[in-house]
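Shown next: work-v5.pdb, given as PDB, C-alpha atoms and all ligand atoms.
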MODEL        1
ATOM      1  CA  MET A   1     -20.542  31.924 -57.372
ATOM      2  CA  LEU A   2     -19.353  30.266 -54.195
ATOM      3  CA  VAL A   3     -16.502  27.747 -53.980
ATOM      4  CA  HIS A   4     -16.347  25.383 -51.038
ATOM      5  CA  ILE A   5     -13.043  23.703 -50.173
ATOM      6  CA  SER A   6     -12.170  21.713 -47.091
ATOM      7  CA  ASP A   7      -9.481  19.727 -45.323
ATOM      8  CA  VAL A   8      -6.462  21.090 -47.131
ATOM      9  CA  HIS A   9      -4.073  20.061 -44.304
ATOM     10  CA  VAL A  10      -1.382  22.250 -45.837
ATOM     11  CA  THR A  11       1.546  21.017 -43.730
ATOM     12  CA  SER A  12       0.711  17.318 -43.568
ATOM     13  CA  ASN A  13       2.763  14.671 -45.311
ATOM     14  CA  TYR A  14      -0.336  13.718 -47.294
ATOM     15  CA  PHE A  15      -0.710  17.264 -48.702
ATOM     16  CA  SER A  16      -0.205  17.225 -52.476
ATOM     17  CA  LYS A  17       1.483  20.207 -54.134
ATOM     18  CA  LYS A  18       0.145  19.087 -57.495
ATOM     19  CA  LEU A  19      -3.456  18.937 -56.232
ATOM     20  CA  SER A  20      -3.113  22.290 -54.511
ATOM     21  CA  GLU A  21      -1.853  23.906 -57.725
ATOM     22  CA  ASN A  22      -4.809  22.391 -59.572
ATOM     23  CA  VAL A  23      -7.295  23.718 -57.038
ATOM     24  CA  VAL A  24      -5.796  27.219 -56.812
ATOM     25  CA  GLY A  25      -5.554  27.409 -60.619
ATOM     26  CA  GLU A  26      -9.152  26.350 -61.189
ATOM     27  CA  VAL A  27     -10.612  28.542 -58.451
ATOM     28  CA  ASN A  28      -8.672  31.559 -59.700
ATOM     29  CA  ARG A  29      -9.910  30.896 -63.213
ATOM     30  CA  LEU A  30     -13.471  30.945 -61.838
ATOM     31  CA  ARG A  31     -12.921  34.013 -59.613
ATOM     32  CA  PRO A  32     -15.756  33.222 -57.188
ATOM     33  CA  ASP A  33     -17.528  35.858 -55.141
ATOM     34  CA  LEU A  34     -16.922  33.817 -52.052
ATOM     35  CA  LEU A  35     -14.526  31.075 -50.967
ATOM     36  CA  VAL A  36     -15.704  28.988 -48.012
ATOM     37  CA  VAL A  37     -13.092  26.853 -46.247
ATOM     38  CA  THR A  38     -14.534  24.368 -43.768
ATOM     39  CA  GLY A  39     -11.485  23.693 -41.646
ATOM     40  CA  ASP A  40      -8.447  21.504 -41.199
ATOM     41  CA  ILE A  41      -6.265  24.041 -42.933
ATOM     42  CA  THR A  42      -3.314  22.839 -40.802
ATOM     43  CA  ASP A  43      -2.419  19.415 -39.480
ATOM     44  CA  ASN A  44      -1.600  20.174 -35.849
ATOM     45  CA  GLY A  45      -2.309  23.874 -35.320
ATOM     46  CA  TYR A  46       1.349  24.816 -34.867
ATOM     47  CA  PRO A  47       2.473  28.418 -35.636
ATOM     48  CA  TYR A  48       4.581  27.496 -38.677
ATOM     49  CA  GLU A  49       1.614  25.534 -40.052
ATOM     50  CA  TYR A  50      -0.719  28.507 -39.680
ATOM     51  CA  LYS A  51       1.778  30.636 -41.554
ATOM     52  CA  GLU A  52       1.852  28.150 -44.425
ATOM     53  CA  ALA A  53      -1.930  27.768 -44.372
ATOM     54  CA  LYS A  54      -2.388  31.548 -44.531
ATOM     55  CA  ASP A  55       0.085  31.785 -47.412
ATOM     56  CA  PHE A  56      -1.846  29.043 -49.188
ATOM     57  CA  LEU A  57      -5.230  30.725 -48.728
ATOM     58  CA  ASP A  58      -3.780  34.075 -49.798
ATOM     59  CA  GLN A  59      -3.169  32.595 -53.249
ATOM     60  CA  PHE A  60      -6.908  32.393 -53.953
ATOM     61  CA  LYS A  61      -8.462  35.218 -55.917
ATOM     62  CA  ALA A  62     -11.932  35.292 -54.399
ATOM     63  CA  GLU A  63     -13.820  38.445 -53.488
ATOM     64  CA  ARG A  64     -14.527  37.298 -49.932
ATOM     65  CA  LEU A  65     -13.349  34.497 -47.668
ATOM     66  CA  VAL A  66     -15.063  32.539 -44.898
ATOM     67  CA  VAL A  67     -12.876  30.171 -42.868
ATOM     68  CA  VAL A  68     -13.808  28.074 -39.859
ATOM     69  CA  PRO A  69     -11.400  25.951 -37.828
ATOM     70  CA  GLY A  70     -11.279  22.161 -38.001
ATOM     71  CA  ASN A  71     -10.328  19.772 -35.226
ATOM     72  CA  HIS A  72      -6.728  19.712 -36.498
ATOM     73  CA  ASP A  73      -6.553  23.520 -36.339
ATOM     74  CA  SER A  74      -7.678  23.572 -32.706
ATOM     75  CA  ARG A  75      -4.856  21.313 -31.577
ATOM     76  CA  ASN A  76      -2.017  22.784 -29.519
ATOM     77  CA  ALA A  77      -3.941  25.999 -28.809
ATOM     78  CA  GLY A  78      -4.100  26.630 -32.544
ATOM     79  CA  TYR A  79      -7.499  28.306 -32.066
ATOM     80  CA  VAL A  80      -5.582  31.312 -30.648
ATOM     81  CA  LEU A  81      -3.605  31.651 -33.876
ATOM     82  CA  PHE A  82      -6.759  31.077 -35.905
ATOM     83  CA  GLU A  83      -8.410  34.115 -34.334
ATOM     84  CA  GLU A  84      -5.270  36.220 -34.796
ATOM     85  CA  LEU A  85      -5.128  35.392 -38.506
ATOM     86  CA  PHE A  86      -8.804  35.286 -39.432
ATOM     87  CA  GLY A  87     -10.390  37.521 -36.794
ATOM     88  CA  THR A  88     -13.190  35.301 -35.578
ATOM     89  CA  ARG A  89     -14.226  31.667 -35.338
ATOM     90  CA  TYR A  90     -17.806  32.753 -36.128
ATOM     91  CA  PRO A  91     -17.557  34.754 -39.363
ATOM     92  CA  SER A  92     -20.569  36.187 -41.141
ATOM     93  CA  VAL A  93     -20.345  37.332 -44.732
ATOM     94  CA  GLU A  94     -23.085  38.643 -46.973
ATOM     95  CA  VAL A  95     -22.554  38.588 -50.709
ATOM     96  CA  GLY A  96     -25.513  39.796 -52.728
ATOM     97  CA  HIS A  97     -28.517  37.676 -51.805
ATOM     98  CA  VAL A  98     -26.423  35.028 -49.997
ATOM     99  CA  LYS A  99     -25.321  35.125 -46.378
ATOM    100  CA  VAL A 100     -22.852  32.621 -44.957
ATOM    101  CA  VAL A 101     -22.385  32.204 -41.219
ATOM    102  CA  GLY A 102     -19.423  30.168 -39.995
ATOM    103  CA  VAL A 103     -19.466  28.174 -36.767
ATOM    104  CA  ASP A 104     -16.567  26.710 -34.803
ATOM    105  CA  SER A 105     -17.568  23.097 -34.096
ATOM    106  CA  THR A 106     -14.228  22.109 -32.580
ATOM    107  CA  GLU A 107     -13.041  21.531 -29.054
ATOM    108  CA  PRO A 108      -9.348  22.018 -28.242
ATOM    109  CA  ASP A 109      -7.309  18.828 -28.631
ATOM    110  CA  LEU A 110     -10.352  16.664 -29.296
ATOM    111  CA  ASP A 111     -11.421  15.252 -32.637
ATOM    112  CA  ASP A 112     -15.058  15.238 -31.546
ATOM    113  CA  GLY A 113     -17.335  18.070 -32.533
ATOM    114  CA  HIS A 114     -19.566  20.281 -30.425
ATOM    115  CA  VAL A 115     -21.482  23.373 -31.536
ATOM    116  CA  GLY A 116     -22.834  24.736 -28.242
ATOM    117  CA  ARG A 117     -25.937  26.730 -27.352
ATOM    118  CA  LEU A 118     -24.247  30.136 -27.607
ATOM    119  CA  ALA A 119     -23.482  29.378 -31.238
ATOM    120  CA  TYR A 120     -27.163  28.588 -31.876
ATOM    121  CA  ARG A 121     -27.959  32.177 -30.844
ATOM    122  CA  ILE A 122     -25.218  33.578 -33.109
ATOM    123  CA  VAL A 123     -26.629  31.699 -36.104
ATOM    124  CA  GLU A 124     -30.190  32.712 -35.214
ATOM    125  CA  ASN A 125     -29.265  36.378 -34.824
ATOM    126  CA  GLU A 126     -27.387  36.434 -38.115
ATOM    127  CA  LEU A 127     -29.859  34.523 -40.256
ATOM    128  CA  LYS A 128     -33.361  34.681 -38.818
ATOM    129  CA  GLU A 129     -34.243  38.027 -40.389
ATOM    130  CA  PHE A 130     -32.201  37.509 -43.548
ATOM    131  CA  SER A 131     -34.507  37.109 -46.500
ATOM    132  CA  GLY A 132     -31.975  35.730 -49.010
ATOM    133  CA  VAL A 133     -30.207  32.389 -49.234
ATOM    134  CA  ARG A 134     -29.122  31.284 -45.772
ATOM    135  CA  VAL A 135     -25.923  29.227 -45.532
ATOM    136  CA  VAL A 136     -24.104  27.819 -42.493
ATOM    137  CA  ALA A 137     -20.535  26.492 -42.630
ATOM    138  CA  LEU A 138     -18.828  24.309 -40.039
ATOM    139  CA  HIS A 139     -16.135  21.659 -39.986
ATOM    140  CA  HIS A 140     -17.823  18.589 -38.529
ATOM    141  CA  HIS A 141     -20.437  16.595 -40.403
ATOM    142  CA  LEU A 142     -23.892  16.882 -38.833
ATOM    143  CA  VAL A 143     -25.215  13.657 -40.348
ATOM    144  CA  PRO A 144     -23.247  10.418 -40.901
ATOM    145  CA  VAL A 145     -21.388  10.181 -44.188
ATOM    146  CA  PRO A 146     -21.397   6.767 -45.905
ATOM    147  CA  GLY A 147     -18.161   5.029 -46.827
ATOM    148  CA  THR A 148     -16.259   6.473 -43.864
ATOM    149  CA  GLY A 149     -16.054   3.470 -41.548
ATOM    150  CA  ARG A 150     -17.105   3.590 -37.942
ATOM    151  CA  GLU A 151     -19.152   6.688 -37.140
ATOM    152  CA  ARG A 152     -17.430   9.190 -34.859
ATOM    153  CA  ASN A 153     -16.866  12.894 -34.254
ATOM    154  CA  ILE A 154     -20.361  14.084 -35.175
ATOM    155  CA  PRO A 155     -21.064  17.118 -32.944
ATOM    156  CA  SER A 156     -22.418  15.866 -29.643
ATOM    157  CA  ASP A 157     -25.335  18.299 -29.993
ATOM    158  CA  SER A 158     -25.915  17.674 -33.695
ATOM    159  CA  GLY A 159     -29.639  16.917 -33.267
ATOM    160  CA  ASP A 160     -30.307  20.148 -31.406
ATOM    161  CA  PHE A 161     -28.288  22.188 -33.893
ATOM    162  CA  LEU A 162     -30.065  20.617 -36.871
ATOM    163  CA  LYS A 163     -33.396  21.558 -35.297
ATOM    164  CA  VAL A 164     -32.248  25.166 -34.890
ATOM    165  CA  LEU A 165     -31.037  25.297 -38.498
ATOM    166  CA  SER A 166     -34.248  23.794 -39.763
ATOM    167  CA  GLU A 167     -36.409  26.219 -37.768
ATOM    168  CA  ILE A 168     -34.461  29.231 -39.055
ATOM    169  CA  GLY A 169     -34.995  27.962 -42.590
ATOM    170  CA  VAL A 170     -31.331  27.504 -43.447
ATOM    171  CA  HIS A 171     -31.077  26.465 -47.096
ATOM    172  CA  LEU A 172     -27.608  25.025 -47.124
ATOM    173  CA  VAL A 173     -25.106  23.594 -44.638
ATOM    174  CA  LEU A 174     -21.490  23.178 -45.717
ATOM    175  CA  CYS A 175     -19.258  20.735 -43.811
ATOM    176  CA  GLY A 176     -16.018  18.797 -44.145
ATOM    177  CA  HIS A 177     -13.962  16.558 -41.829
ATOM    178  CA  LYS A 178     -14.548  13.056 -43.215
ATOM    179  CA  HIS A 179     -12.662  13.599 -46.483
ATOM    180  CA  VAL A 180     -15.580  12.016 -48.316
ATOM    181  CA  PRO A 181     -18.014  14.182 -50.275
ATOM    182  CA  TRP A 182     -21.696  13.494 -49.727
ATOM    183  CA  THR A 183     -25.002  15.334 -49.762
ATOM    184  CA  TRP A 184     -28.121  14.790 -47.683
ATOM    185  CA  ARG A 185     -31.453  16.516 -47.857
ATOM    186  CA  LEU A 186     -33.037  16.960 -44.455
ATOM    187  CA  ASN A 187     -36.419  18.656 -44.303
ATOM    188  CA  LYS A 188     -35.882  21.540 -46.728
ATOM    189  CA  MET A 189     -32.172  21.837 -46.018
ATOM    190  CA  PHE A 190     -29.288  20.548 -48.102
ATOM    191  CA  ILE A 191     -26.237  19.365 -46.187
ATOM    192  CA  ILE A 192     -23.216  19.286 -48.470
ATOM    193  CA  ASN A 193     -20.070  17.624 -47.158
ATOM    194  CA  ALA A 194     -16.897  18.439 -49.080
ATOM    195  CA  GLY A 195     -14.106  15.932 -49.547
ATOM    196  CA  THR A 196     -10.470  16.832 -49.017
ATOM    197  CA  ALA A 197      -9.423  19.285 -51.718
ATOM    198  CA  THR A 198      -5.672  18.867 -51.676
ATOM    199  CA  THR A 199      -4.600  15.725 -49.821
ATOM    200  CA  LEU A 200      -4.031  12.057 -50.482
ATOM    201  CA  ARG A 201      -5.716  11.106 -47.212
ATOM    202  CA  LEU A 202      -8.471   9.398 -49.180
ATOM    203  CA  LYS A 203     -10.844   6.548 -48.556
ATOM    204  CA  ALA A 204     -11.092   3.724 -51.139
ATOM    205  CA  HIS A 205     -11.974   5.170 -54.551
ATOM    206  CA  THR A 206     -12.995   8.638 -53.355
ATOM    207  CA  PRO A 207     -11.023  11.257 -55.291
ATOM    208  CA  PRO A 208      -9.903  14.571 -53.775
ATOM    209  CA  SER A 209     -12.476  17.221 -54.608
ATOM    210  CA  PHE A 210     -14.068  20.573 -53.920
ATOM    211  CA  ASN A 211     -17.482  22.083 -54.645
ATOM    212  CA  ILE A 212     -18.802  24.882 -56.800
ATOM    213  CA  LEU A 213     -22.154  26.428 -55.911
ATOM    214  CA  THR A 214     -23.908  28.735 -58.310
ATOM    215  CA  ILE A 215     -26.688  30.469 -56.417
ATOM    216  CA  SER A 216     -29.299  32.727 -57.913
ATOM    217  CA  LYS A 217     -32.308  34.025 -55.971
ATOM    218  CA  ALA A 218     -34.416  31.017 -56.846
ATOM    219  CA  LEU A 219     -31.969  28.309 -57.841
ATOM    220  CA  LEU A 220     -28.936  26.579 -56.395
ATOM    221  CA  VAL A 221     -26.758  24.456 -58.644
ATOM    222  CA  ALA A 222     -24.047  22.486 -56.857
ATOM    223  CA  GLU A 223     -21.229  20.649 -58.609
ATOM    224  CA  ARG A 224     -18.287  18.629 -57.391
ATOM    225  CA  VAL A 225     -14.897  19.123 -59.011
ATOM    226  CA  ASN A 226     -12.290  16.339 -59.016
ATOM    227  CA  SER A 227      -9.087  18.079 -57.826
ATOM    228  CA  GLU A 228      -6.975  15.725 -59.918
ATOM    229  CA  THR A 229      -8.746  15.864 -63.283
ATOM    230  CA  LEU A 230     -10.884  19.009 -62.756
ATOM    231  CA  GLU A 231     -13.839  17.041 -64.119
ATOM    232  CA  ARG A 232     -17.195  18.208 -62.795
ATOM    233  CA  GLN A 233     -20.032  16.108 -61.504
ATOM    234  CA  PRO A 234     -23.495  17.425 -60.604
ATOM    235  CA  ILE A 235     -24.436  17.275 -56.906
ATOM    236  CA  CYS A 236     -27.881  18.819 -56.895
ATOM    237  CA  THR A 237     -30.118  21.454 -58.416
ATOM    238  CA  VAL A 238     -32.450  23.025 -55.904
ATOM    239  CA  HIS A 239     -35.319  25.458 -56.275
ATOM    240  CA  LEU A 240     -34.964  27.813 -53.330
ATOM    241  CA  GLU A 241     -37.766  29.311 -51.279
ATOM    242  CA  THR A 242     -36.569  32.629 -49.914
TER
HETATM  243 FE    FE B 301      -9.384  16.656 -42.254
HETATM  244 FE    FE B 302     -11.270  17.145 -39.334
ENDMDL
END
For this file, produce the structure as structure tokens.
Ligand SMILES: [Fe+2]
Ligand SMILES: [Fe+2]
Amino acid sequence: MLVHISDVHVTSNYFSKKLSENVVGEVNRLRPDLLVVTGDITDNGYPYEYKEAKDFLDQFKAERLVVVPGNHDSRNAGYVLFEELFGTRYPSVEVGHVKVVGVDSTEPDLDDGHVGRLAYRIVENELKEFSGVRVVALHHHLVPVPGTGRERNIPSDSGDFLKVLSEIGVHLVLCGHKHVPWTWRLNKMFIINAGTATTLRLKAHTPPSFNILTISKALLVAERVNSETLERQPICTVHLET
């Protein structure tokens, strides 16, 4: 089982202790094989924020962890601290028949996203020969998310990156950033955007949430969990071709 959380913004004034306790409690009850965190763990990338964010993530009892930076984490040279704490901005973790490759889509001090051609090669090298379920995680949304106002911050090379992902046969893309959960199917790929797991920086009636993905060799079942009530809602059930 894989749990996907995003946009926890641990040190922001819209971070909710109550929501965070809910999320940590539920995830630890589930004990997933893998926890994927798609960025914005801090609010401004400052050292004290990284310390708090690390302490927060250390509470989760997951076998493995994949974290990528968000635009907020790359502020104020926070990307330096990110690498010190998490080792790389391009993690690759294989758990059973699932491989997750993380990509840094941020640019220092900008909210806009950019993936970059070197990252295409990293993803290709990691996933092209992998015969299991291929997953890519990044902060920025690759396709517009409805209910989020004026479109902005999509990676400037989103079209090119989507083509690369599609050609590799990536099954699943996990994103965050907009604080609104949404799922698109594009060619054979599912693009799952997580909402904010632990903050009150919410749009209209969108609740804070995170995602649970149960992946067998042939089937992916994705569910969204309301961080407030812990109620689950189905996202999609997909028959996988591996
Ligand atoms: Fe965010
Ligand atoms: Fe963001």
Evaluate the PyMOL selection byres (((chain A and resi 123-140) around 6) and not hetatm) and record the selected residues as a PDB file with C-alpha atoms, keeping the file's coordinate frame, following the chain and residue labels used in the document.
ATOM      1  CA  THR A  38     -14.534  24.368 -43.768  1.00  0.00           C
ATOM      2  CA  GLY A  39     -11.485  23.693 -41.646  1.00  0.00           C
ATOM      3  CA  GLY A  70     -11.279  22.161 -38.001  1.00  0.00           C
ATOM      4  CA  HIS A  97     -28.517  37.676 -51.805  1.00  0.00           C
ATOM      5  CA  VAL A  98     -26.423  35.028 -49.997  1.00  0.00           C
ATOM      6  CA  LYS A  99     -25.321  35.125 -46.378  1.00  0.00           C
ATOM      7  CA  VAL A 100     -22.852  32.621 -44.957  1.00  0.00           C
ATOM      8  CA  VAL A 101     -22.385  32.204 -41.219  1.00  0.00           C
ATOM      9  CA  GLY A 102     -19.423  30.168 -39.995  1.00  0.00           C
ATOM     10  CA  VAL A 103     -19.466  28.174 -36.767  1.00  0.00           C
ATOM     11  CA  TYR A 120     -27.163  28.588 -31.876  1.00  0.00           C
ATOM     12  CA  ARG A 121     -27.959  32.177 -30.844  1.00  0.00           C
ATOM     13  CA  ILE A 122     -25.218  33.578 -33.109  1.00  0.00           C
ATOM     14  CA  HIS A 141     -20.437  16.595 -40.403  1.00  0.00           C
ATOM     15  CA  ILE A 168     -34.461  29.231 -39.055  1.00  0.00           C
ATOM     16  CA  VAL A 170     -31.331  27.504 -43.447  1.00  0.00           C
ATOM     17  CA  HIS A 171     -31.077  26.465 -47.096  1.00  0.00           C
ATOM     18  CA  LEU A 172     -27.608  25.025 -47.124  1.00  0.00           C
ATOM     19  CA  VAL A 173     -25.106  23.594 -44.638  1.00  0.00           C
ATOM     20  CA  LEU A 174     -21.490  23.178 -45.717  1.00  0.00           C
ATOM     21  CA  CYS A 175     -19.258  20.735 -43.811  1.00  0.00           C
ATOM     22  CA  GLY A 176     -16.018  18.797 -44.145  1.00  0.00           C
ATOM     23  CA  HIS A 177     -13.962  16.558 -41.829  1.00  0.00           C
ATOM     24  CA  THR A 242     -36.569  32.629 -49.914  1.00  0.00           C
TER      25      THR A 242
END
Test item: which residues lie within 8 Å of (-23.8, 17.1, -48.6) counting all atoms listed in the file, as an MDAnalysis selection string: chainID A and resid 173:175 181:185 190:194
Selection dump of the PyMOL selection byres (((chain A and resi 77) around 10) and not hetatm), as a VMD selection string: chain A and resid 44 to 47 73 to 76 78 to 82 108 to 109
Generate a file of the selected residues that holds C-alpha atoms, formatted as a CSV table (one decimal), in the frame of the given file.
chain,number,residue,atom,x,y,z
A,44,ASN,CA,-1.6,20.2,-35.8
A,45,GLY,CA,-2.3,23.9,-35.3
A,46,TYR,CA,1.3,24.8,-34.9
A,47,PRO,CA,2.5,28.4,-35.6
A,73,ASP,CA,-6.6,23.5,-36.3
A,74,SER,CA,-7.7,23.6,-32.7
A,75,ARG,CA,-4.9,21.3,-31.6
A,76,ASN,CA,-2.0,22.8,-29.5
A,78,GLY,CA,-4.1,26.6,-32.5
A,79,TYR,CA,-7.5,28.3,-32.1
A,80,VAL,CA,-5.6,31.3,-30.6
A,81,LEU,CA,-3.6,31.7,-33.9
A,82,PHE,CA,-6.8,31.1,-35.9
A,108,PRO,CA,-9.3,22.0,-28.2
A,109,ASP,CA,-7.3,18.8,-28.6
Distance criterion (all atoms listed in the file): nearest to A:Ser209 out of A:Leu2, A:Leu19, A:Leu110, A:Val36: A:Leu19
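Listed by chain and then by number, the residues chosen by the PyMOL selection byres (((chain A and resi 230-237) around 9) and not hetatm) in this file are Asn22, Val23, Glu26, Trp182, Thr183, Ile192, Ser209, Asn211, Leu219, Leu220, Val221, Ala222, Glu223, Arg224, Val225, Asn226, Ser227, Glu228, Thr229, Val238 and His239 of chain A.
With only C-alpha atoms and all ligand atoms counted, the chains near ligand FE 301 (chain B) contribute these residues within 7 Å: Asp7, His9, Asp40, His177, Lys178, His179 and Thr196 of chain A.
Restricting the calculation to all atoms listed in the file, the smallest distance between ligand FE 302 (chain B) and any of A:Thr88, A:Thr11, A:Asn28, A:Ser105 is found for A:Ser105.
Computed from the coordinates, the atom CA of A:Ile212 to atom CA of A:Val3 distance equals 4.6 Å.
Shortest atom-to-atom contact with A:Asn187 among A:Lys51, A:Pro144, A:Leu162, A:Pro207: A:Leu162, counting only C-alpha atoms.
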